[in-house]
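Below is one structure, written out as structure tokens, with a few remarks after it.
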Amino acid sequence: MAIYGKIRPVLALSAAVVLGLTACTFGGDARVPEKEALTWQTWSGFDDFLGLVQEQYPDIALDFISYTGANKTGYSWEQMKHDDISDIFITSQILHEEMAKERLLDLSGYEFVNQFPHGILDQVSIDGGIYLLPANYSMYGIYYNKTLMEEKGWELPSNITELEALCEEIREEGMIPGVIGTQLTGNTFSAVFNLAKTDWLTTPTGMTWEQDFLEGNATAAGMWEGTMAYVKRYIDMGMFTTDPEDRNNPDVLLDYLGNRKSVFCTMVLPVNITKLPDTGDELGMMPYISEDGSKNIYMYSPSCYVGLSKRLAEPGNEKKLENAVRLLSLLYSAQGQEMFITQETPCVLSLLDGSGVPETSMIYDAQQALREGRAFPMTYAGWENVLADMGQAYKEWFRGENGMDGPGCIARMDALQQSSLNNPQENVFCKAVTDFSVEETAVLLGKALGSAAGVDAVIIPIGGYREGGLELKTGVTGKLYAGEIDTEKVQMILPNVSGKYAVMTMTGKQAEELVETGFDALGEGQEPYPYILVTRGDKELKGDTSYQIAFLTEGYTPEVGQNYDVQVREGSLKEFLCTWLEEQKTVSPAGNPWN
């Protein structure tokens with residue numbers, strides 16, 4: 001089924017390759033015992049900080065675990081559920097407070113926590129304990145073309161009446177007042193909810209309603225009518241114009257604001273520019289405008305949260321815990337926070353007491369709003385099962401599709417939430433009877449691909465961490481854990497591949513030699529990534545016999561594709577896997593033969 005002997009131990013998923021070194025340590029000649037290395041599951045945005053760690057604490061050893069799947073947040077909590085988290089735990093949302101208390105250390109007694117404002121600590125406190133701290137905040141508002149506004153002599157509006165008057169002037173100039181990103185329905189969901197937060201949703205009444213609604217004890221009807229009427233005013237004044245091509249957020253912003261098609265742009269997007277590239281126009285950010293101007297607000301979300309595994313407090317882990325606390329102390333110092341704030345992160349804000357941004361900064365007003373209580377967290381936790389579909393209803397309303405309107409959106413909200421609560425198992429189509437390793441998960445994917453492609457064998461790469469922070473996006477890095485499987489669980493274990501796959505013809509000997517060599521995806525002297533070979537019927541491939549062998553897109557080098565006459569075919573691995581799992585009903589590492 002799989003040639004496990006072809007996988008070199010040094011290439012295993014948790015191989016100790018640390019910041020360009022082949023040893024466990026950050027630097028120097030000293031060797032740190034493997035038991036003292038802290039495990040760290042890779043997360044984007046930490047490269048500069050890890051460089052600082054190497055410089056400041058060369059004695060701290062980190063053992064990087066790569067995950068390049070599409071659902072980092074969901075996978076991080078799935079790992080926690082199965083008590084399989086790394087020593088340094090990173091996630092983007094606090095999804096399960098009780099689970100965090102069970103698996104993570106309470107950080108409230110450590111000195112570095114004192115660097116945080118009390119307001120932030122209150123937001124992350126769980127029954128008086130601090131288990132996850134935000135690394136920093138990304139601030140969100142409504143983007144606008146600041147240069148264009150100044151050229152026209154237009155002032156930023158402070159209430160809805162001023163915004164409507166400005167939008168009328170913009171239309172008279174032949175421009176669209178505002179565009180909204182709609183490729184991801186999370187944008188439209190956030191736009192509507194953010195307007196509700198300028199009024200009632202952030203009050204005690206609103207917070208109580210949200211909790212009751214999520215538990216099935218309240219309805220949107222009777223609470224959301226005023227907000228929907230307010231959203232209608234935004235639609236009517238042209239602030240929520242949609243992009244007909246449904247392009248991604250960056251492309252929409254660059255086209256509409258960069259080409260002066262619109263003045264405003266509403267979307268959940270932490271930009272990496274302060275000037276629009278083609279014109280040099282300066283980009284600005286303004287708050288969501290409340291009706292009377294008394295509650296103009298910004299939104300924020302942590303780039304991620306960081307915590308420590310509770311196992312670090314177990315006997316024998318004293319040195320690891322000491323190093324982990326040193327690492328977090330550096331992270332939450334002024335020097336550590338500076339590693340996340342560059343010219344390419346203009347929306348990122350340090351969380352420490354006393355930190356500030358220049359008055360000329362795009363997020364200066366947003367920072368003042370955060371300090372004054374006029375900034376609120378993005379809505380996500382608790383809404384995961386219905387967020388996208390609610391956003392789709394709002395999108396249809398903005399576009400005038402399917403007869404959708406404000407009352408229709410309210411009815412859709414209630415219907416979606418009740419369906420989610422009443423049918424929690426409707427998307428479950430298979431069950432894993434035990435935990436899989438990464439290699440066993442790759443075999444599972446190979447069986448699904450091979451069965452759908454009608455080939456003799458499948459060769460799949462295993463991902464991992466390499467020198468310089470390089471990772472393989474198209475390699476398998478997620479494990480399938482025991483329990484019920486739905487589309488979200490499938491998404492967690494899939495590599496980042498397109499809706500295509502490749503088929504090549506090669507002899508059994510050539511296939512085994514390729515597996516032995518591995519996938520040299522990076523070159524430049526880097527170790528190749530290991531391959532897993534999965535065969536139909538678990539059969540040995542005969543040396544001189546020719547076989548049809550399937551590969552993932554970008555799961556082979558161009559040279560291999562040329563040598564073996566690659567044929568690229570249409571077909572989604574996600575759809576193949578869902579269909580195959582549904583047929584199996586239950587799966588286990590040793591079962592489910594592919595015949």
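Each chain in the structure tokens gets a letter, A, B and so on, in the order shown; residues start at 1 in every chain, and ligands are counted from 1 in the order they appear.
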
Compile the contact shell of segment 408-412 of chain A as a list in words: residues with an atom at most 9 Å away, counting only C-alpha atoms, same-chain residues fewer than 4 positions apart removed. Thr219, Ala220, Ala221, Trp224, Glu225, Met228, Asp389, Met390, Ala393, Tyr394, Trp397, Gly403, Met404, Leu416 and Gln417 of chain A

Output file for the residues above (N, CA, C and O atoms, as an mmCIF file, in the first residue's frame):
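Wrote again15.cif, looks like this:
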```
data_model
loop_
_atom_site.group_PDB
_atom_site.id
_atom_site.type_symbol
_atom_site.label_atom_id
_atom_site.label_comp_id
_atom_site.auth_asym_id
_atom_site.auth_seq_id
_atom_site.Cartn_x
_atom_site.Cartn_y
_atom_site.Cartn_z
ATOM 1 N N THR A 219 -34.668 34.916 18.358
ATOM 2 C CA THR A 219 -34.783 34.999 16.904
ATOM 3 C C THR A 219 -34.246 36.335 16.412
ATOM 4 O O THR A 219 -34.154 37.306 17.165
ATOM 5 N N ALA A 220 -33.891 36.355 15.126
ATOM 6 C CA ALA A 220 -33.503 37.617 14.498
ATOM 7 C C ALA A 220 -34.720 38.512 14.305
ATOM 8 O O ALA A 220 -34.628 39.739 14.427
ATOM 9 N N ALA A 221 -35.846 37.885 14.004
ATOM 10 C CA ALA A 221 -37.088 38.641 13.873
ATOM 11 C C ALA A 221 -37.397 39.319 15.197
ATOM 12 O O ALA A 221 -37.331 38.711 16.263
ATOM 13 N N TRP A 224 -33.705 42.647 14.425
ATOM 14 C CA TRP A 224 -32.833 43.112 13.343
ATOM 15 C C TRP A 224 -33.504 44.074 12.366
ATOM 16 O O TRP A 224 -32.865 44.526 11.419
ATOM 17 N N GLU A 225 -34.761 44.374 12.566
ATOM 18 C CA GLU A 225 -35.460 45.216 11.590
ATOM 19 C C GLU A 225 -34.810 46.597 11.454
ATOM 20 O O GLU A 225 -34.650 47.118 10.332
ATOM 21 N N MET A 228 -31.543 46.305 9.479
ATOM 22 C CA MET A 228 -31.764 46.073 8.052
ATOM 23 C C MET A 228 -32.239 47.344 7.347
ATOM 24 O O MET A 228 -31.875 47.598 6.188
ATOM 25 N N ASP A 389 -23.489 31.256 4.789
ATOM 26 C CA ASP A 389 -24.818 31.260 4.174
ATOM 27 C C ASP A 389 -25.585 32.544 4.487
ATOM 28 O O ASP A 389 -26.352 33.038 3.662
ATOM 29 N N MET A 390 -25.391 33.078 5.687
ATOM 30 C CA MET A 390 -26.000 34.380 5.979
ATOM 31 C C MET A 390 -25.401 35.448 5.081
ATOM 32 O O MET A 390 -26.114 36.305 4.539
ATOM 33 N N ALA A 393 -26.978 35.441 1.731
ATOM 34 C CA ALA A 393 -28.278 36.131 1.691
ATOM 35 C C ALA A 393 -28.080 37.634 1.559
ATOM 36 O O ALA A 393 -28.748 38.302 0.754
ATOM 37 N N TYR A 394 -27.132 38.197 2.320
ATOM 38 C CA TYR A 394 -26.869 39.634 2.230
ATOM 39 C C TYR A 394 -26.326 39.996 0.850
ATOM 40 O O TYR A 394 -26.670 41.042 0.281
ATOM 41 N N TRP A 397 -29.063 40.284 -1.557
ATOM 42 C CA TRP A 397 -29.781 41.541 -1.328
ATOM 43 C C TRP A 397 -29.028 42.694 -1.972
ATOM 44 O O TRP A 397 -29.614 43.512 -2.702
ATOM 45 N N GLY A 403 -34.999 38.153 -5.372
ATOM 46 C CA GLY A 403 -36.020 38.856 -4.610
ATOM 47 C C GLY A 403 -35.648 39.102 -3.157
ATOM 48 O O GLY A 403 -36.518 39.420 -2.335
ATOM 49 N N MET A 404 -34.361 38.985 -2.821
ATOM 50 C CA MET A 404 -33.944 39.128 -1.426
ATOM 51 C C MET A 404 -34.032 40.586 -0.987
ATOM 52 O O MET A 404 -33.732 41.504 -1.749
ATOM 53 N N LEU A 416 -31.554 29.499 8.976
ATOM 54 C CA LEU A 416 -30.228 28.893 8.961
ATOM 55 C C LEU A 416 -29.793 28.463 10.355
ATOM 56 O O LEU A 416 -29.239 27.372 10.542
ATOM 57 N N GLN A 417 -30.025 29.324 11.342
ATOM 58 C CA GLN A 417 -29.603 28.976 12.695
ATOM 59 C C GLN A 417 -30.398 27.795 13.239
ATOM 60 O O GLN A 417 -29.834 26.894 13.872
#
```

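Within 9 Å of segment 210-218 of chain A, once only C-alpha atoms are used and residues closer than 4 positions along the same chain are dropped, the contacting residues are A:Leu201, A:Thr205, A:Gly206, A:Gly382, A:Trp383, A:Asp414, A:Gln417, A:Gln418, A:Leu421.
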
Write out as a ChimeraX atom specification which residues come within 10 Å of Ser355 of chain A when counting only C-alpha atoms, dropping same-chain ones fewer than 5 positions away. /A:334,337,349-350,367

Report the residues of segment 443-570 of chain A whose backbone DSSP state falls under strand (DSSP E or B), written as a ChimeraX atom specification. /A:457-462,465-466,470-471,476,483-485,500-507,519,529,531-535,546-552,567-570

Got time to write the residues from that selection, N, CA and C atoms, as a short mmCIF file (atom, residue, chain, number, x, y, z; two decimals), in the first residue's frame?
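Here's the written file out05.cif:
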```
data_model
loop_
_atom_site.label_atom_id
_atom_site.label_comp_id
_atom_site.auth_asym_id
_atom_site.auth_seq_id
_atom_site.Cartn_x
_atom_site.Cartn_y
_atom_site.Cartn_z
N ALA A 457 -1.74 3.24 -9.51
CA ALA A 457 -1.06 3.67 -8.29
C ALA A 457 -1.12 5.19 -8.18
N VAL A 458 -0.80 5.69 -7.01
CA VAL A 458 -0.77 7.12 -6.75
C VAL A 458 0.52 7.44 -5.98
N ILE A 459 1.16 8.54 -6.33
CA ILE A 459 2.34 9.01 -5.60
C ILE A 459 2.04 10.40 -5.05
N ILE A 460 2.11 10.54 -3.71
CA ILE A 460 1.73 11.77 -3.03
C ILE A 460 2.88 12.25 -2.14
N PRO A 461 3.22 13.55 -2.19
CA PRO A 461 4.29 14.05 -1.32
C PRO A 461 3.79 14.38 0.08
N ILE A 462 4.68 14.20 1.05
CA ILE A 462 4.44 14.61 2.43
C ILE A 462 5.11 15.96 2.62
N TYR A 465 8.81 21.23 7.00
CA TYR A 465 9.52 22.49 7.15
C TYR A 465 10.94 22.34 6.62
N ARG A 466 11.41 23.38 5.94
CA ARG A 466 12.76 23.35 5.40
C ARG A 466 13.50 24.65 5.73
N LEU A 470 10.82 27.52 4.55
CA LEU A 470 10.12 27.03 3.36
C LEU A 470 9.26 25.82 3.71
N GLU A 471 8.06 25.80 3.12
CA GLU A 471 7.13 24.69 3.33
C GLU A 471 6.53 24.29 1.99
N VAL A 476 0.97 16.73 1.86
CA VAL A 476 0.04 16.39 2.94
C VAL A 476 0.71 16.71 4.27
N GLY A 483 -13.12 10.06 14.83
CA GLY A 483 -14.39 10.77 15.01
C GLY A 483 -15.14 10.92 13.71
N GLU A 484 -16.24 11.65 13.77
CA GLU A 484 -17.09 11.84 12.61
C GLU A 484 -16.43 12.77 11.61
N ILE A 485 -16.67 12.49 10.33
CA ILE A 485 -16.03 13.26 9.25
C ILE A 485 -17.10 14.00 8.47
N LYS A 500 -7.39 19.94 -10.28
CA LYS A 500 -6.84 19.08 -11.33
C LYS A 500 -5.87 18.08 -10.71
N TYR A 501 -5.57 17.04 -11.46
CA TYR A 501 -4.54 16.09 -11.06
C TYR A 501 -3.81 15.64 -12.32
N ALA A 502 -2.75 14.89 -12.16
CA ALA A 502 -1.94 14.48 -13.30
C ALA A 502 -1.80 12.97 -13.33
N VAL A 503 -1.65 12.42 -14.54
CA VAL A 503 -1.42 10.98 -14.73
C VAL A 503 -0.20 10.80 -15.61
N MET A 504 0.70 9.90 -15.19
CA MET A 504 1.90 9.59 -15.97
C MET A 504 2.02 8.07 -16.13
N THR A 505 2.72 7.69 -17.18
CA THR A 505 3.00 6.27 -17.41
C THR A 505 4.47 6.00 -17.12
N MET A 506 4.71 5.04 -16.23
CA MET A 506 6.09 4.67 -15.90
C MET A 506 6.12 3.22 -15.42
N THR A 507 7.28 2.63 -15.47
CA THR A 507 7.43 1.24 -15.02
C THR A 507 7.47 1.21 -13.49
N PHE A 519 10.66 14.19 -3.63
CA PHE A 519 10.17 15.32 -4.42
C PHE A 519 11.07 16.52 -4.17
N TYR A 529 11.33 16.37 -0.44
CA TYR A 529 10.22 15.91 0.40
C TYR A 529 9.95 14.44 0.11
N TYR A 531 7.99 10.93 -0.63
CA TYR A 531 6.81 10.50 -1.37
C TYR A 531 6.19 9.29 -0.68
N ILE A 532 4.89 9.18 -0.79
CA ILE A 532 4.14 7.98 -0.39
C ILE A 532 3.60 7.33 -1.66
N LEU A 533 3.83 6.04 -1.80
CA LEU A 533 3.32 5.27 -2.94
C LEU A 533 2.15 4.42 -2.48
N VAL A 534 1.01 4.59 -3.13
CA VAL A 534 -0.20 3.82 -2.83
C VAL A 534 -0.57 3.04 -4.08
N THR A 535 -0.76 1.72 -3.95
CA THR A 535 -1.05 0.90 -5.13
C THR A 535 -2.42 0.25 -5.01
N SER A 546 4.60 -1.53 -17.17
CA SER A 546 4.19 -0.13 -17.21
C SER A 546 2.88 0.08 -16.44
N TYR A 547 2.80 1.19 -15.75
CA TYR A 547 1.62 1.49 -14.93
C TYR A 547 1.18 2.94 -15.15
N GLN A 548 -0.11 3.16 -14.97
CA GLN A 548 -0.67 4.51 -14.93
C GLN A 548 -0.64 4.98 -13.48
N ILE A 549 0.04 6.11 -13.24
CA ILE A 549 0.22 6.58 -11.87
C ILE A 549 -0.25 8.03 -11.77
N ALA A 550 -1.08 8.30 -10.77
CA ALA A 550 -1.64 9.64 -10.58
C ALA A 550 -0.81 10.43 -9.58
N PHE A 551 -0.74 11.74 -9.81
CA PHE A 551 -0.04 12.68 -8.94
C PHE A 551 -0.97 13.87 -8.65
N LEU A 552 -0.72 14.53 -7.53
CA LEU A 552 -1.38 15.80 -7.27
C LEU A 552 -0.79 16.87 -8.18
N GLN A 567 -0.14 13.88 -18.30
CA GLN A 567 -1.47 14.27 -18.78
C GLN A 567 -2.21 14.90 -17.60
N VAL A 568 -2.56 16.17 -17.73
CA VAL A 568 -3.28 16.86 -16.66
C VAL A 568 -4.77 16.70 -16.89
N ARG A 569 -5.48 16.26 -15.85
CA ARG A 569 -6.92 16.01 -15.95
C ARG A 569 -7.69 16.87 -14.96
N GLU A 570 -8.93 17.16 -15.32
CA GLU A 570 -9.81 17.90 -14.42
C GLU A 570 -10.33 16.95 -13.34
#
```

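Between Leu328 of chain A and the candidates A:Met285, A:Ile142, A:Ile160, A:Val306, the tightest atom-to-atom separation, counting only C-alpha atoms, involves A:Val306.
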